[in-house]
>>> print(open('structure-v5.cif').read())   # mmCIF, C-alpha atoms and all ligand atoms
data_query
#
loop_
_atom_site.label_atom_id
_atom_site.label_comp_id
_atom_site.auth_asym_id
_atom_site.auth_seq_id
_atom_site.Cartn_x
_atom_site.Cartn_y
_atom_site.Cartn_z
CA MET M 1 38.35 -33.50 -0.72
CA ASN M 2 40.76 -33.38 -3.63
CA PRO M 3 44.32 -33.98 -2.36
CA ASP M 4 45.70 -33.26 -5.85
CA MET M 5 44.40 -29.69 -5.83
CA LYS M 6 47.65 -27.90 -4.97
CA ARG M 7 48.09 -25.18 -7.57
CA ILE M 8 45.22 -22.99 -8.64
CA GLY M 9 45.14 -20.52 -11.56
CA VAL M 10 42.89 -17.47 -11.45
CA PHE M 11 41.92 -15.20 -14.33
CA CYS M 12 39.34 -12.65 -15.48
CA SER M 13 37.80 -12.71 -18.93
CA GLY M 14 35.25 -10.69 -20.91
CA GLY M 15 34.11 -7.24 -19.82
CA ASP M 16 35.65 -6.06 -16.56
CA ALA M 17 33.35 -5.45 -13.59
CA PRO M 18 33.89 -3.50 -10.35
CA GLY M 19 34.62 -6.05 -7.63
CA MET M 20 36.79 -8.37 -9.75
CA ASN M 21 39.82 -7.28 -7.71
CA ALA M 22 38.03 -8.13 -4.48
CA ALA M 23 37.32 -11.60 -5.93
CA ILE M 24 40.98 -12.09 -6.95
CA ARG M 25 42.06 -11.03 -3.45
CA ALA M 26 39.68 -13.55 -1.88
CA VAL M 27 40.97 -16.33 -4.14
CA VAL M 28 44.61 -15.59 -3.31
CA ARG M 29 44.04 -15.22 0.42
CA THR M 30 41.89 -18.37 0.62
CA CYS M 31 44.56 -20.35 -1.23
CA SER M 32 47.17 -19.03 1.16
CA TYR M 33 44.98 -20.02 4.13
CA HIS M 34 44.77 -23.58 2.78
CA ASP M 35 48.49 -23.73 1.83
CA LEU M 36 47.77 -23.85 -1.89
CA HIS M 37 49.84 -22.06 -4.50
CA VAL M 38 47.99 -19.59 -6.68
CA TYR M 39 48.89 -18.31 -10.13
CA GLY M 40 47.56 -15.20 -11.82
CA ILE M 41 46.78 -15.62 -15.51
CA TYR M 42 46.89 -12.26 -17.27
CA ARG M 43 44.51 -11.00 -20.02
CA GLY M 44 42.10 -13.91 -19.65
CA TYR M 45 42.25 -16.71 -22.20
CA GLU M 46 44.60 -14.62 -24.34
CA GLY M 47 47.25 -14.65 -21.62
CA MET M 48 46.57 -18.33 -20.95
CA ILE M 49 47.40 -19.08 -24.58
CA ASP M 50 50.51 -16.88 -24.48
CA GLY M 51 51.71 -18.23 -21.13
CA GLU M 52 51.37 -14.92 -19.24
CA ILE M 53 51.18 -16.62 -15.87
CA SER M 54 52.93 -15.81 -12.62
CA ARG M 55 52.74 -16.78 -8.97
CA LEU M 56 50.65 -14.53 -6.73
CA GLU M 57 51.55 -14.13 -3.09
CA LYS M 58 49.38 -12.69 -0.32
CA GLY M 59 51.03 -9.27 -0.62
CA ASP M 60 50.30 -9.04 -4.34
CA VAL M 61 46.63 -8.51 -3.58
CA ALA M 62 47.09 -5.94 -0.82
CA ASN M 63 45.33 -2.62 -1.31
CA ILE M 64 43.10 -3.73 -4.21
CA ILE M 65 39.75 -4.52 -2.56
CA HIS M 66 38.51 -0.99 -3.26
CA LYS M 67 39.79 -0.71 -6.84
CA GLY M 68 37.74 -1.00 -10.03
CA GLY M 69 38.97 -2.89 -13.10
CA THR M 70 41.14 -5.96 -12.63
CA ILE M 71 44.83 -6.21 -11.74
CA LEU M 72 44.97 -9.34 -13.92
CA LYS M 73 43.62 -7.40 -16.94
CA THR M 74 40.99 -8.97 -19.14
CA ALA M 75 40.25 -9.69 -22.80
CA ARG M 76 37.71 -11.21 -25.14
CA SER M 77 39.65 -13.99 -26.90
CA GLU M 78 38.89 -15.10 -30.43
CA ARG M 79 41.84 -17.53 -30.40
CA PHE M 80 40.39 -19.48 -27.47
CA ARG M 81 37.38 -20.30 -29.62
CA THR M 82 39.66 -22.52 -31.71
CA LYS M 83 40.89 -25.97 -30.69
CA GLN M 84 44.44 -24.88 -31.48
CA GLY M 85 44.14 -21.92 -29.09
CA ARG M 86 42.76 -24.07 -26.30
CA LYS M 87 45.55 -26.63 -26.82
CA ALA M 88 48.14 -23.87 -26.45
CA ALA M 89 46.36 -22.66 -23.29
CA HIS M 90 46.45 -26.18 -21.87
CA GLU M 91 50.17 -26.44 -22.53
CA SER M 92 50.76 -23.17 -20.63
CA LEU M 93 48.86 -24.55 -17.65
CA LEU M 94 50.84 -27.80 -17.76
CA ALA M 95 54.08 -25.80 -17.75
CA HIS M 96 53.03 -24.37 -14.36
CA ASP M 97 51.51 -27.62 -13.04
CA ILE M 98 48.17 -25.92 -12.52
CA ASP M 99 45.56 -28.34 -11.12
CA GLY M 100 42.44 -26.19 -11.17
CA LEU M 101 41.09 -22.85 -12.38
CA VAL M 102 38.95 -20.05 -11.02
CA ALA M 103 37.36 -18.22 -13.97
CA ILE M 104 35.96 -14.78 -13.13
CA GLY M 105 33.61 -13.45 -15.80
CA GLY M 106 30.27 -13.85 -17.52
CA ASN M 107 28.63 -15.91 -20.26
CA GLY M 108 31.53 -16.04 -22.71
CA THR M 109 34.03 -16.83 -19.96
CA PHE M 110 31.95 -19.73 -18.70
CA ALA M 111 31.23 -21.06 -22.19
CA GLY M 112 35.00 -21.22 -22.79
CA ALA M 113 35.62 -22.81 -19.38
CA ARG M 114 33.02 -25.49 -20.02
CA ILE M 115 34.56 -26.59 -23.30
CA PHE M 116 38.08 -26.40 -21.88
CA GLU M 117 37.22 -28.57 -18.91
CA LYS M 118 35.54 -31.15 -21.14
CA GLU M 119 38.46 -31.25 -23.58
CA PHE M 120 41.38 -31.26 -21.15
CA GLY M 121 39.93 -32.38 -17.83
CA ILE M 122 41.14 -29.34 -15.84
CA PRO M 123 38.61 -28.62 -13.07
CA VAL M 124 37.12 -25.13 -13.35
CA ILE M 125 34.90 -23.14 -11.03
CA GLY M 126 33.30 -19.93 -12.28
CA VAL M 127 32.83 -16.73 -10.31
CA PRO M 128 30.06 -14.54 -11.79
CA GLY M 129 31.75 -11.24 -12.60
CA THR M 130 29.72 -9.11 -15.01
CA ILE M 131 27.79 -5.88 -14.67
CA ASP M 132 24.97 -7.45 -16.71
CA ASN M 133 23.54 -9.65 -13.90
CA ASP M 134 22.40 -12.12 -16.55
CA LEU M 135 23.59 -15.45 -15.10
CA PHE M 136 21.28 -18.06 -13.67
CA GLY M 137 22.11 -19.43 -10.20
CA THR M 138 23.04 -16.27 -8.36
CA ASP M 139 20.81 -13.44 -7.16
CA PHE M 140 23.42 -10.91 -8.24
CA THR M 141 26.66 -10.89 -10.20
CA ILE M 142 29.78 -8.99 -9.16
CA GLY M 143 29.75 -5.44 -10.53
CA PHE M 144 26.01 -5.11 -11.08
CA ASP M 145 25.33 -3.10 -7.92
CA THR M 146 28.19 -0.68 -8.60
CA ALA M 147 27.14 -0.24 -12.24
CA VAL M 148 23.56 0.51 -11.23
CA ASN M 149 24.73 3.02 -8.61
CA THR M 150 26.93 4.73 -11.19
CA ALA M 151 24.08 4.84 -13.68
CA ILE M 152 21.67 6.23 -11.09
CA GLN M 153 24.13 8.96 -10.09
CA ALA M 154 24.41 9.93 -13.75
CA VAL M 155 20.63 9.91 -14.21
CA ASP M 156 20.21 12.09 -11.11
CA LYS M 157 22.44 14.69 -12.74
CA ILE M 158 20.52 14.47 -16.01
CA ARG M 159 17.30 14.84 -14.02
CA ASP M 160 18.47 18.27 -12.79
CA THR M 161 18.98 19.60 -16.29
CA ALA M 162 15.87 17.84 -17.63
CA ASP M 163 13.84 19.55 -14.91
CA SER M 164 15.41 22.96 -15.50
CA HIS M 165 14.69 22.87 -19.25
CA ASN M 166 11.46 20.87 -19.27
CA ARG M 167 12.96 18.17 -21.45
CA LEU M 168 12.41 14.51 -22.18
CA PHE M 169 15.66 12.52 -21.93
CA PHE M 170 16.32 9.10 -23.38
CA ILE M 171 19.23 7.64 -21.44
CA GLU M 172 21.07 4.58 -22.66
CA VAL M 173 22.57 2.16 -20.15
CA MET M 174 24.63 -0.98 -20.82
CA GLY M 175 23.23 -4.43 -21.50
CA ARG M 176 23.34 -5.59 -25.11
CA LYS M 177 21.32 -8.69 -24.29
CA SER M 178 20.26 -7.97 -20.76
CA GLY M 179 17.83 -5.45 -19.26
CA HIS M 180 18.74 -5.80 -15.58
CA ILE M 181 20.79 -2.60 -15.41
CA ALA M 182 18.03 -0.69 -17.21
CA LEU M 183 15.34 -2.08 -14.91
CA TYR M 184 17.16 -1.27 -11.65
CA THR M 185 18.37 2.10 -12.91
CA GLY M 186 14.87 3.00 -14.08
CA LEU M 187 13.21 1.92 -10.86
CA GLY M 188 15.87 3.58 -8.70
CA SER M 189 15.76 6.87 -10.57
CA GLY M 190 12.00 7.18 -10.96
CA ALA M 191 12.08 6.99 -14.76
CA GLY M 192 8.85 7.29 -16.74
CA GLY M 193 9.82 4.44 -19.08
CA ILE M 194 12.16 1.44 -19.15
CA LEU M 195 12.99 -0.34 -22.39
CA ILE M 196 14.78 -3.69 -22.19
CA PRO M 197 15.96 -6.24 -24.77
CA GLU M 198 13.96 -9.08 -23.17
CA LEU M 199 10.63 -7.45 -24.07
CA ALA M 200 9.33 -6.05 -27.33
CA THR M 201 9.42 -2.25 -27.34
CA ASP M 202 5.97 -0.90 -27.89
CA VAL M 203 6.45 2.73 -28.87
CA GLU M 204 2.68 3.32 -28.83
CA SER M 205 2.28 2.29 -25.19
CA LEU M 206 5.34 4.33 -24.23
CA LEU M 207 3.71 7.30 -25.96
CA ALA M 208 0.49 6.68 -24.04
CA VAL M 209 2.38 6.75 -20.73
CA LEU M 210 4.36 9.87 -21.67
CA ASN M 211 1.18 11.65 -22.74
CA LYS M 212 -0.54 10.70 -19.51
CA MET M 213 2.36 12.12 -17.52
CA ALA M 214 2.54 15.29 -19.61
CA LYS M 215 -1.21 15.80 -19.01
CA ARG M 216 -0.78 15.72 -15.27
CA ASN M 217 1.66 18.61 -15.71
CA LYS M 218 4.84 16.62 -15.29
CA LEU M 219 7.36 19.09 -16.58
CA PHE M 220 10.06 16.68 -17.72
CA ASN M 221 10.57 12.96 -18.15
CA LEU M 222 13.27 10.29 -18.27
CA VAL M 223 13.24 7.04 -20.26
CA ILE M 224 15.95 4.42 -19.63
CA VAL M 225 16.89 2.37 -22.68
CA ALA M 226 19.12 -0.74 -22.55
CA GLU M 227 21.68 -0.66 -25.36
CA GLY M 228 20.34 -3.87 -26.91
CA ASN M 229 16.99 -2.39 -27.86
CA GLU M 230 15.25 -4.12 -30.78
CA ASN M 231 14.33 -0.76 -32.34
CA GLY M 232 17.99 0.17 -32.73
CA SER M 233 20.07 2.67 -30.82
CA VAL M 234 18.74 5.04 -28.20
CA TYR M 235 18.84 7.73 -30.92
CA ASP M 236 16.49 5.67 -33.11
CA VAL M 237 14.08 5.15 -30.22
CA ALA M 238 14.14 8.87 -29.35
CA LYS M 239 13.49 9.77 -32.99
CA ALA M 240 10.53 7.38 -33.23
CA VAL M 241 8.93 8.88 -30.11
CA ASN M 242 9.78 12.44 -31.05
CA LYS M 243 7.84 12.12 -34.32
CA LYS M 244 4.58 11.68 -32.42
CA PHE M 245 5.23 13.53 -29.18
CA ASP M 246 6.01 17.20 -28.76
CA ALA M 247 5.16 17.91 -25.13
CA TYR M 248 8.84 18.45 -24.38
CA GLU M 249 12.05 18.96 -26.29
CA THR M 250 13.86 15.59 -26.59
CA LYS M 251 17.49 14.87 -25.75
CA VAL M 252 19.62 11.74 -25.66
CA ALA M 253 22.42 10.74 -23.26
CA VAL M 254 24.58 7.62 -23.37
CA ILE M 255 26.22 6.64 -20.07
CA GLY M 256 28.44 3.99 -21.68
CA HIS M 257 31.60 2.60 -20.14
CA LEU M 258 31.38 4.88 -17.10
CA GLN M 259 29.23 2.02 -15.78
CA ARG M 260 32.09 -0.44 -15.94
CA GLY M 261 34.59 1.51 -13.84
CA GLY M 262 34.94 2.92 -10.37
CA SER M 263 35.40 1.70 -6.86
CA PRO M 264 33.12 -1.29 -6.12
CA SER M 265 30.17 -0.78 -3.79
CA ALA M 266 30.12 -2.45 -0.38
CA GLN M 267 27.70 -5.05 -1.75
CA ASP M 268 30.02 -5.93 -4.65
CA ARG M 269 33.09 -6.20 -2.40
CA ILE M 270 31.28 -8.53 -0.03
CA LEU M 271 29.74 -10.59 -2.84
CA ALA M 272 33.13 -10.91 -4.54
CA SER M 273 34.88 -11.89 -1.30
CA ARG M 274 32.34 -14.62 -0.60
CA MET M 275 32.35 -15.94 -4.16
CA GLY M 276 36.16 -15.91 -4.52
CA HIS M 277 36.45 -17.83 -1.26
CA GLY M 278 33.62 -20.18 -2.29
CA ALA M 279 35.33 -20.98 -5.59
CA VAL M 280 38.57 -22.11 -3.93
CA VAL M 281 36.71 -24.10 -1.27
CA GLY M 282 34.70 -25.72 -4.09
CA LEU M 283 37.88 -26.82 -5.90
CA ILE M 284 39.30 -28.22 -2.66
CA GLU M 285 36.03 -30.13 -2.17
CA ASN M 286 36.39 -31.62 -5.65
CA LYS M 287 33.62 -29.58 -7.25
CA HIS M 288 34.12 -28.56 -10.87
CA GLY M 289 32.20 -27.42 -13.92
CA VAL M 290 30.15 -25.20 -11.65
CA MET M 291 29.68 -21.54 -10.82
CA CYS M 292 29.81 -20.31 -7.25
CA GLY M 293 26.76 -18.09 -6.79
CA ILE M 294 24.85 -16.63 -3.88
CA GLN M 295 21.13 -17.30 -3.58
CA SER M 296 19.07 -15.90 -0.70
CA ASN M 297 22.34 -15.01 1.04
CA GLU M 298 23.74 -18.56 0.85
CA VAL M 299 26.64 -19.80 -1.24
CA LYS M 300 25.37 -22.26 -3.88
CA TYR M 301 27.05 -24.09 -6.76
CA VAL M 302 25.19 -24.46 -10.04
CA SER M 303 26.47 -26.09 -13.22
CA LEU M 304 28.13 -23.77 -15.71
CA ASP M 305 25.64 -25.12 -18.26
CA ASP M 306 22.68 -23.90 -16.23
CA ALA M 307 24.37 -20.60 -15.35
CA ILE M 308 24.72 -19.78 -19.04
CA LYS M 309 21.69 -21.42 -20.63
CA LYS M 310 18.95 -20.74 -18.12
CA LYS M 311 19.82 -17.02 -17.89
CA SER M 312 18.66 -14.81 -15.06
CA GLN M 313 15.07 -13.79 -15.75
CA ILE M 314 13.84 -10.21 -15.61
CA ASP M 315 11.66 -9.62 -12.56
CA GLN M 316 8.28 -8.71 -14.03
CA ASP M 317 7.04 -7.52 -10.61
CA LEU M 318 9.80 -4.91 -10.48
CA LEU M 319 8.98 -3.79 -14.00
CA ASP M 320 5.29 -3.45 -13.08
CA LEU M 321 6.20 -1.62 -9.89
CA ALA M 322 8.35 0.87 -11.79
CA GLN M 323 5.42 1.59 -14.07
CA ILE M 324 2.83 1.91 -11.27
CA ILE M 325 4.84 4.34 -9.17
CA SER M 326 6.05 6.46 -12.04
CA LEU M 327 2.54 7.33 -13.21
O1 LIG N 1 29.03 -7.66 -20.67
C1 LIG N 1 29.27 -6.44 -20.10
C2 LIG N 1 29.08 -5.31 -21.07
O2 LIG N 1 29.40 -4.11 -20.44
C3 LIG N 1 27.69 -5.23 -21.71
O3 LIG N 1 26.74 -4.61 -20.89
C4 LIG N 1 27.98 -4.45 -22.95
O4 LIG N 1 27.01 -4.69 -23.91
C5 LIG N 1 29.33 -4.97 -23.35
O5 LIG N 1 29.94 -5.46 -22.18
C6 LIG N 1 30.24 -3.96 -23.98
O6 LIG N 1 31.43 -4.60 -24.33
P1 LIG N 1 32.75 -3.86 -24.81
O7 LIG N 1 33.34 -3.15 -23.62
O8 LIG N 1 33.62 -4.93 -25.31
O9 LIG N 1 32.31 -2.88 -25.85
#
>>> encode(input="structure-v5.cif", output="structure tokens")
Amino acid sequence: MNPDMKRIGVFCSGGDAPGMNAAIRAVVRTCSYHDLHVYGIYRGYEGMIDGEISRLEKGDVANIIHKGGTILKTARSERFRTKQGRKAAHESLLAHDIDGLVAIGGNGTFAGARIFEKEFGIPVIGVPGTIDNDLFGTDFTIGFDTAVNTAIQAVDKIRDTADSHNRLFFIEVMGRKSGHIALYTGLGSGAGGILIPELATDVESLLAVLNKMAKRNKLFNLVIVAEGNENGSVYDVAKAVNKKFDAYETKVAVIGHLQRGGSPSAQDRILASRMGHGAVVGLIENKHGVMCGIQSNEVKYVSLDDAIKKKSQIDQDLLDLAQIISL
């Protein structure tokens, strides 16, 4: 137990993710349950530097569990990358006597938290909030399930028009460095191809699959492309395939930031509630420099180092399955 843990700061940083509000709510309500004061830090590290910090009471997080985005706002902070920026952030925390931090975000958020904790000795626990699902130490990150559901709903609509016109659609989903959204969206929407940044894109083998499908009289097809494809944008990939494949007319659709918004799914609300609670309990129990994840339905703490560096691996079995059942 850490008897000095009396005032906790909570913030979101990096790309927003549906379920962040549910996590903030869980942090505030858990603090209240344990008679701790909680402070909301606005606009991530930017607001920490600028001292945009205010006390959050139980009522401040009423009616937000179902809302997308984050009531604390978020930002990607260049200033926090500098020692001067981090020093200013530390001074803001001192001004509010903050003893510990809950950092809700992804890779960049945790990288900043790690350095900050090492430099200034403020205990930090991370809550994995990113649609990318690319952190080691948790089966899923907050926002991933909602993003995949949003993407699948969009692909279902594209499927209707692809079917009506006998077209081949290349559909770009988010994930500059991570193919998890593409994999789950592709598998869940019965796509004929899934291209992810973790694996080299072999246009020839994609062509072989598309030709095979066209030969068995499949009248349309869908290929899901993660935005971080090595061959360039989804338009470049579509062009490369189109040059050698004329079974259907080719179209491109980019789902984009639609994937980041919207009401969180049940799974994301529950995940966020458990992780937000787990982060506060961890700080009370004197844990720090860790991320609160959920593995096989159990709350687990892994070091921020591992969470960032080991990266969540793409499930090859799921990729193989998608291929087998799409043929
Ligand atoms: O990290 C989440 C994410 O949505 C990625 O999938 C995507 O590559 C990136 O953020 C987009 O960032 P921004 O909204 O800053 O353009």
>>> closest_residue(input="structure-v5.cif", among="M:Asp246, M:Glu198, M:Glu119, M:Glu298", to="Ser178 in chain M", atoms="all atoms listed in the file")
M:Glu198
>>> closest_atom_pairs(input="structure-v5.cif", of="chain M", to="ligand LIG 1 (chain N)", cutoff="7 Å", atoms="only C-alpha atoms and all ligand atoms", output="JSON lines")
{"residue": "M:Gly14", "atom": "CA", "partner": "N:LIG1", "partner_atom": "O1", "distance": 6.9}
{"residue": "M:Gly15", "atom": "CA", "partner": "N:LIG1", "partner_atom": "C1", "distance": 4.9}
{"residue": "M:Thr130", "atom": "CA", "partner": "N:LIG1", "partner_atom": "C1", "distance": 5.8}
{"residue": "M:Ile131", "atom": "CA", "partner": "N:LIG1", "partner_atom": "C1", "distance": 5.7}
{"residue": "M:Asp132", "atom": "CA", "partner": "N:LIG1", "partner_atom": "O3", "distance": 5.4}
{"residue": "M:Met174", "atom": "CA", "partner": "N:LIG1", "partner_atom": "O3", "distance": 4.2}
{"residue": "M:Gly175", "atom": "CA", "partner": "N:LIG1", "partner_atom": "O3", "distance": 3.6}
{"residue": "M:Arg176", "atom": "CA", "partner": "N:LIG1", "partner_atom": "O4", "distance": 4.0}
{"residue": "M:Lys177", "atom": "CA", "partner": "N:LIG1", "partner_atom": "O4", "distance": 7.0}
{"residue": "M:Glu227", "atom": "CA", "partner": "N:LIG1", "partner_atom": "O4", "distance": 6.8}
{"residue": "M:His257", "atom": "CA", "partner": "N:LIG1", "partner_atom": "O7", "distance": 6.9}
{"residue": "M:Arg260", "atom": "CA", "partner": "N:LIG1", "partner_atom": "O2", "distance": 6.4}
>>> residues_around(input="structure-v5.cif", residues="Ile142 in chain M", least_positions_apart="4", cutoff="6 Å", atoms="all atoms listed in the file", output="list in words")
Gly19, Gly129, Thr130 and Asp268 of chain M
>>> closest_residue(input="structure-v5.cif", among="M:Ile53, M:Leu135, M:Ala322, M:Gly68", to="Gly188 in chain M", atoms="all atoms listed in the file")
M:Ala322
>>> residues_around(input="structure-v5.cif", residues="range 286-292 of chain M", least_positions_apart="2", cutoff="9 Å", atoms="all atoms listed in the file", output="PyMOL selection string")
chain M and resi 1-3+5+100+103+110+113-114+117-118+122-128+137-138+275-276+278-279+281-284+294+299-307
>>> atom_distance(input="structure-v5.cif", atom1="CA of Leu271 in chain M", atom2="CA of Asp139 in chain M")
10.3 Å
>>> atom_distance(input="structure-v5.cif", atom1="CA of Val155 in chain M", atom2="CA of Ile194 in chain M")
13.0 Å
>>> build_atoms(input="structure-v5.cif", residues="range 208-217 of chain M", atoms="all heavy atoms", output="PDB file, in the coordinates of the input")
ATOM      1  N   ALA M 208       1.693   6.520 -24.874  1.00  0.00           N
ATOM      2  CA  ALA M 208       0.490   6.680 -24.040  1.00  0.00           C
ATOM      3  C   ALA M 208       0.890   7.083 -22.627  1.00  0.00           C
ATOM      4  O   ALA M 208       0.294   7.997 -22.023  1.00  0.00           O
ATOM      5  CB  ALA M 208      -0.297   5.382 -24.026  1.00  0.00           C
ATOM      6  N   VAL M 209       1.927   6.435 -22.093  1.00  0.00           N
ATOM      7  CA  VAL M 209       2.380   6.750 -20.730  1.00  0.00           C
ATOM      8  C   VAL M 209       2.936   8.173 -20.678  1.00  0.00           C
ATOM      9  O   VAL M 209       2.606   8.957 -19.778  1.00  0.00           O
ATOM     10  CB  VAL M 209       3.486   5.730 -20.295  1.00  0.00           C
ATOM     11  CG1 VAL M 209       4.149   6.178 -19.008  1.00  0.00           C
ATOM     12  CG2 VAL M 209       2.886   4.344 -20.121  1.00  0.00           C
ATOM     13  N   LEU M 210       3.755   8.519 -21.667  1.00  0.00           N
ATOM     14  CA  LEU M 210       4.360   9.870 -21.670  1.00  0.00           C
ATOM     15  C   LEU M 210       3.280  10.943 -21.769  1.00  0.00           C
ATOM     16  O   LEU M 210       3.347  11.980 -21.095  1.00  0.00           O
ATOM     17  CB  LEU M 210       5.362   9.999 -22.830  1.00  0.00           C
ATOM     18  CG  LEU M 210       6.617   9.123 -22.743  1.00  0.00           C
ATOM     19  CD1 LEU M 210       7.474   9.267 -24.003  1.00  0.00           C
ATOM     20  CD2 LEU M 210       7.450   9.463 -21.509  1.00  0.00           C
ATOM     21  N   ASN M 211       2.265  10.667 -22.598  1.00  0.00           N
ATOM     22  CA  ASN M 211       1.180  11.650 -22.740  1.00  0.00           C
ATOM     23  C   ASN M 211       0.406  11.805 -21.442  1.00  0.00           C
ATOM     24  O   ASN M 211       0.050  12.917 -21.045  1.00  0.00           O
ATOM     25  CB  ASN M 211       0.213  11.210 -23.858  1.00  0.00           C
ATOM     26  CG  ASN M 211       0.713  11.696 -25.209  1.00  0.00           C
ATOM     27  OD1 ASN M 211       1.078  12.863 -25.366  1.00  0.00           O
ATOM     28  ND2 ASN M 211       0.744  10.792 -26.181  1.00  0.00           N
ATOM     29  N   LYS M 212       0.178  10.679 -20.781  1.00  0.00           N
ATOM     30  CA  LYS M 212      -0.540  10.700 -19.510  1.00  0.00           C
ATOM     31  C   LYS M 212       0.221  11.571 -18.506  1.00  0.00           C
ATOM     32  O   LYS M 212      -0.365  12.409 -17.809  1.00  0.00           O
ATOM     33  CB  LYS M 212      -0.616   9.263 -18.978  1.00  0.00           C
ATOM     34  CG  LYS M 212      -1.836   8.958 -18.156  1.00  0.00           C
ATOM     35  CD  LYS M 212      -1.771   7.492 -17.797  1.00  0.00           C
ATOM     36  CE  LYS M 212      -3.091   6.912 -17.450  1.00  0.00           C
ATOM     37  NZ  LYS M 212      -3.044   5.482 -17.255  1.00  0.00           N
ATOM     38  N   MET M 213       1.536  11.367 -18.460  1.00  0.00           N
ATOM     39  CA  MET M 213       2.360  12.120 -17.520  1.00  0.00           C
ATOM     40  C   MET M 213       2.390  13.603 -17.883  1.00  0.00           C
ATOM     41  O   MET M 213       2.337  14.473 -17.013  1.00  0.00           O
ATOM     42  CB  MET M 213       3.781  11.573 -17.503  1.00  0.00           C
ATOM     43  CG  MET M 213       3.868  10.207 -16.859  1.00  0.00           C
ATOM     44  SD  MET M 213       5.535   9.574 -16.991  1.00  0.00           S
ATOM     45  CE  MET M 213       5.470   8.229 -15.856  1.00  0.00           C
ATOM     46  N   ALA M 214       2.494  13.882 -19.168  1.00  0.00           N
ATOM     47  CA  ALA M 214       2.540  15.290 -19.610  1.00  0.00           C
ATOM     48  C   ALA M 214       1.230  15.981 -19.217  1.00  0.00           C
ATOM     49  O   ALA M 214       1.233  17.141 -18.791  1.00  0.00           O
ATOM     50  CB  ALA M 214       2.767  15.360 -21.107  1.00  0.00           C
ATOM     51  N   LYS M 215       0.107  15.214 -19.327  1.00  0.00           N
ATOM     52  CA  LYS M 215      -1.210  15.800 -19.010  1.00  0.00           C
ATOM     53  C   LYS M 215      -1.344  16.145 -17.538  1.00  0.00           C
ATOM     54  O   LYS M 215      -2.089  17.047 -17.167  1.00  0.00           O
ATOM     55  CB  LYS M 215      -2.321  14.850 -19.434  1.00  0.00           C
ATOM     56  CG  LYS M 215      -2.635  14.997 -20.891  1.00  0.00           C
ATOM     57  CD  LYS M 215      -4.036  14.495 -21.233  1.00  0.00           C
ATOM     58  CE  LYS M 215      -4.170  14.540 -22.743  1.00  0.00           C
ATOM     59  NZ  LYS M 215      -4.059  13.224 -23.366  1.00  0.00           N
ATOM     60  N   ARG M 216      -0.676  15.370 -16.692  1.00  0.00           N
ATOM     61  CA  ARG M 216      -0.780  15.720 -15.270  1.00  0.00           C
ATOM     62  C   ARG M 216       0.316  16.739 -14.898  1.00  0.00           C
ATOM     63  O   ARG M 216       0.797  16.798 -13.780  1.00  0.00           O
ATOM     64  CB  ARG M 216      -0.767  14.486 -14.382  1.00  0.00           C
ATOM     65  CG  ARG M 216       0.575  13.761 -14.289  1.00  0.00           C
ATOM     66  CD  ARG M 216       0.748  13.127 -12.911  1.00  0.00           C
ATOM     67  NE  ARG M 216       1.748  12.097 -12.854  1.00  0.00           N
ATOM     68  CZ  ARG M 216       3.031  12.310 -12.606  1.00  0.00           C
ATOM     69  NH1 ARG M 216       3.472  13.531 -12.454  1.00  0.00           N
ATOM     70  NH2 ARG M 216       3.880  11.301 -12.521  1.00  0.00           N
ATOM     71  N   ASN M 217       0.721  17.493 -15.889  1.00  0.00           N
ATOM     72  CA  ASN M 217       1.660  18.610 -15.710  1.00  0.00           C
ATOM     73  C   ASN M 217       3.039  18.192 -15.230  1.00  0.00           C
ATOM     74  O   ASN M 217       3.699  18.956 -14.529  1.00  0.00           O
ATOM     75  CB  ASN M 217       1.086  19.672 -14.766  1.00  0.00           C
ATOM     76  CG  ASN M 217       0.029  20.479 -15.467  1.00  0.00           C
ATOM     77  OD1 ASN M 217       0.053  20.553 -16.704  1.00  0.00           O
ATOM     78  ND2 ASN M 217      -0.891  21.028 -14.704  1.00  0.00           N
TER      79      ASN M 217
END
